[in-house]
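K.L.:
My structure is in final.txt, and what it holds is compact mmCIF, C-alpha atoms:
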```txt
# COMPACT_ATOMS: atom_id res chain seq x y z
CA MET A 1 66.66 102.22 43.31
CA ILE A 2 65.67 98.67 42.47
CA CYS A 3 61.96 97.83 42.49
CA PHE A 4 60.54 94.35 42.86
CA THR A 5 57.21 92.64 42.67
CA SER A 6 56.01 89.06 42.55
CA VAL A 7 53.82 86.91 40.35
CA LYS A 8 52.28 83.51 40.93
CA ALA A 9 53.77 80.65 38.93
CA PRO A 10 52.73 76.99 38.69
CA PHE A 11 55.68 76.13 40.96
CA GLY A 12 55.31 78.96 43.52
CA THR A 13 56.10 82.65 43.47
CA VAL A 14 58.47 84.39 41.05
CA ILE A 15 60.03 87.69 42.11
CA ILE A 16 60.83 90.19 39.35
CA THR A 17 63.27 93.08 39.74
CA GLU A 18 63.52 96.28 37.73
CA GLU A 19 66.25 98.88 37.64
CA GLU A 20 66.46 101.97 35.44
CA GLY A 21 63.72 100.79 33.09
CA PHE A 22 65.05 97.24 32.60
CA ILE A 23 64.04 93.88 34.02
CA THR A 24 67.22 92.82 35.82
CA GLY A 25 66.27 89.71 37.73
CA LEU A 26 63.82 86.86 37.97
CA PHE A 27 64.03 84.86 41.18
CA LEU A 28 62.35 81.46 41.13
CA ASN A 29 62.15 81.23 44.90
CA GLY A 30 62.01 83.60 47.84
CA GLU A 31 65.11 82.21 49.53
CA ASP A 32 67.37 83.18 46.62
CA PHE A 33 65.74 86.60 46.46
CA GLU A 34 66.21 87.25 50.19
CA LYS A 35 69.91 86.28 50.01
CA TRP A 36 70.40 88.67 47.09
CA ARG A 37 68.33 91.43 48.71
CA LYS A 38 70.38 91.28 51.92
CA ASP A 39 73.51 92.18 49.94
CA THR A 40 71.89 94.71 47.59
CA PRO A 41 71.14 98.25 48.78
CA GLY A 42 68.13 100.25 47.59
CA VAL A 43 65.69 97.39 46.96
CA LYS A 44 62.02 98.08 47.64
CA SER A 45 58.64 96.67 46.77
CA CYS A 46 56.85 98.82 44.21
CA GLU A 47 54.61 98.55 41.18
CA THR A 48 55.83 100.18 38.00
CA ALA A 49 54.36 99.99 34.51
CA LEU A 50 57.25 97.74 33.45
CA LEU A 51 56.84 95.37 36.39
CA SER A 52 53.08 95.19 35.73
CA GLU A 53 53.78 94.33 32.08
CA ALA A 54 56.33 91.69 33.12
CA LYS A 55 53.77 90.12 35.48
CA GLN A 56 51.16 90.07 32.72
CA GLN A 57 53.55 88.49 30.21
CA LEU A 58 54.73 85.85 32.68
CA THR A 59 51.14 85.01 33.66
CA SER A 60 50.29 84.57 29.96
CA TYR A 61 53.35 82.36 29.51
CA PHE A 62 52.45 80.18 32.51
CA SER A 63 48.95 79.66 31.11
CA GLY A 64 50.39 78.59 27.74
CA GLU A 65 49.16 81.67 25.86
CA ARG A 66 52.48 83.51 25.37
CA ARG A 67 55.46 82.19 23.42
CA HIS A 68 57.69 85.29 23.28
CA PHE A 69 58.54 88.03 25.73
CA SER A 70 58.91 91.67 24.78
CA LEU A 71 60.53 93.24 27.80
CA PRO A 72 63.70 95.33 28.09
CA LEU A 73 66.25 93.07 29.80
CA ARG A 74 69.63 93.79 31.31
CA GLN A 75 72.12 91.55 33.05
CA LYS A 76 75.86 91.69 33.25
CA GLY A 77 78.22 88.80 32.86
CA THR A 78 81.49 87.82 31.31
CA ALA A 79 81.83 87.94 27.53
CA PHE A 80 81.46 84.14 27.52
CA GLN A 81 78.32 84.20 29.65
CA GLU A 82 76.76 86.87 27.46
CA LYS A 83 77.48 84.77 24.35
CA VAL A 84 75.74 81.82 25.98
CA TRP A 85 72.75 83.91 27.06
CA ASN A 86 72.42 85.34 23.55
CA ALA A 87 72.46 81.81 22.14
CA LEU A 88 69.67 80.79 24.51
CA THR A 89 67.41 83.52 23.17
CA VAL A 90 67.34 81.91 19.71
CA ILE A 91 66.05 78.53 20.92
CA PRO A 92 62.43 78.54 19.72
CA TYR A 93 59.51 78.07 22.09
CA GLY A 94 58.67 74.38 22.35
CA GLU A 95 62.15 73.19 21.35
CA SER A 96 65.21 72.20 23.33
CA ARG A 97 68.94 72.09 22.74
CA SER A 98 71.69 70.19 24.50
CA TYR A 99 74.57 71.82 26.31
CA GLY A 100 76.76 70.55 23.47
CA ASP A 101 74.51 72.23 20.91
CA ILE A 102 74.94 75.57 22.69
CA ALA A 103 78.71 75.05 22.89
CA GLU A 104 78.77 74.47 19.12
CA MET A 105 76.54 77.52 18.49
CA ILE A 106 79.00 79.82 20.23
CA GLY A 107 82.07 78.25 18.64
CA LYS A 108 83.36 76.58 21.82
CA PRO A 109 82.60 72.87 21.26
CA LYS A 110 84.55 71.71 24.32
CA ALA A 111 82.89 74.17 26.72
CA VAL A 112 79.91 71.99 27.63
CA ARG A 113 80.42 72.28 31.41
CA ALA A 114 81.03 76.01 31.11
CA ILE A 115 77.69 76.30 29.29
CA GLY A 116 76.03 74.79 32.35
CA GLN A 117 77.78 77.28 34.62
CA ALA A 118 76.74 80.22 32.42
CA ASN A 119 73.15 78.94 32.53
CA LYS A 120 73.37 78.79 36.31
CA ARG A 121 74.46 82.47 36.37
CA ASN A 122 71.54 83.57 34.19
CA ARG A 123 69.66 86.12 36.34
CA LEU A 124 66.72 86.13 33.91
CA PRO A 125 65.56 82.51 33.70
CA ILE A 126 62.39 81.94 31.67
CA LEU A 127 62.90 85.29 29.89
CA ILE A 128 66.30 84.05 28.69
CA PRO A 129 65.21 80.42 28.37
CA CYS A 130 67.94 78.32 29.95
CA HIS A 131 65.24 75.77 30.84
CA ARG A 132 65.25 74.75 27.15
CA VAL A 133 68.77 73.34 27.54
CA ILE A 134 68.72 69.68 28.49
CA GLY A 135 71.18 66.79 28.48
CA LYS A 136 72.30 65.34 25.14
CA ASN A 137 70.20 62.24 25.74
CA SER A 138 67.15 64.44 26.57
CA ALA A 139 67.83 64.02 30.29
CA LEU A 140 66.44 66.56 32.70
CA THR A 141 69.52 68.18 34.20
CA GLY A 142 70.11 70.95 36.74
CA TYR A 143 68.22 74.22 36.55
CA ALA A 144 68.98 77.37 38.51
CA GLY A 145 71.33 75.19 40.50
CA THR A 146 69.30 72.13 41.40
CA GLN A 147 65.68 73.06 40.71
CA THR A 148 64.88 70.37 38.15
CA ASP A 149 61.27 70.32 39.38
CA VAL A 150 60.88 73.93 38.17
CA LYS A 151 62.58 73.05 34.89
CA ALA A 152 60.14 70.17 34.40
CA VAL A 153 57.16 72.51 34.89
CA LEU A 154 58.54 74.96 32.31
CA LEU A 155 59.31 72.20 29.80
CA ASN A 156 55.80 70.82 30.30
CA ILE A 157 54.26 74.26 29.65
CA GLU A 158 56.08 74.31 26.30
CA GLN A 159 55.36 70.60 25.65
CA ILE A 160 59.07 69.81 25.35
CA SER A 161 59.77 66.13 25.96
CA TYR A 162 62.56 65.05 28.29
CA LYS A 163 63.66 62.05 30.32
CA GLU A 164 63.76 62.00 34.10
CA LYS A 165 67.34 61.63 35.28
```
Take the structure I supplied and represent it as structure tokens, if you would.

P.N.:
Amino acid sequence: MICFTSVKAPFGTVIITEEEGFITGLFLNGEDFEKWRKDTPGVKSCETALLSEAKQQLTSYFSGERRHFSLPLRQKGTAFQEKVWNALTVIPYGESRSYGDIAEMIGKPKAVRAIGQANKRNRLPILIPCHRVIGKNSALTGYAGTQTDVKAVLLNIEQISYKEK
């Protein structure tokens, strides 16, 4: 069974999913969640201790009080995607990196576009901070597909400077 709950964010409602004691998804809008839910059996609304803790940590983050998350996370991807996601977790709060920086970090300097695609596939945005990856000239680029407005809110919470595209 997969449990879900929601938490208020400065840009709307975030839906959090849990499965087998791990946070497995963070949906930044209800439309994406409903598409996923339609194709995923065994999803139900429930409150667990882990989901309550995730809500509390996210609320603290949105208010600027929390800089690190301590939640058990699980998502599956290709070996390349997992390398990218691991690299994202070492970007400090309040700092950004370019797509090229991440490509260099994982030893694939020509994989800049692939870094963007791996970020897009990240099912745990915010917790695995793909919002901290911006264009090489500090340009605000795509987030969770096209949600640059959400990315701007998250960068502003962390006081990370960027340029509007």

K.L.:
From the list A:Arg132, A:Val150, A:Lys76, A:Thr141, which residue is nearest Glu164 (chain A) when using all atoms listed in the file?

P.N.:
A:Thr141

K.L.:
For Leu155 (chain A), please output as a PyMOL selection string all residues within 9 Å (counting all atoms listed in the file; exclusion window: fewer than 2 positions along the same chain).

P.N.:
chain A and resi 94-96+131-132+150-153+157-162

K.L.:
Using Å and a single decimal, report how far CA of Gly77 (chain A) sits from CA of Ile102 (chain A).

P.N.:
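These two atoms are separated by 17.0 Å.
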
K.L.:
Show me, as an MDAnalysis selection string, the residues that have an atom within 8 Å of region 34-43 of chain A when counting only C-alpha atoms, minus same-chain residues fewer than 2 positions from it.

P.N.:
chainID A and resid 1:4 30:32 45

K.L.:
Rank A:Ile115, A:Gly21, A:Glu53, A:Phe27 by their smallest atom-to-atom distance to Ala9 (chain A), using all atoms listed in the file, and report the top residue only.

P.N.:
A:Phe27
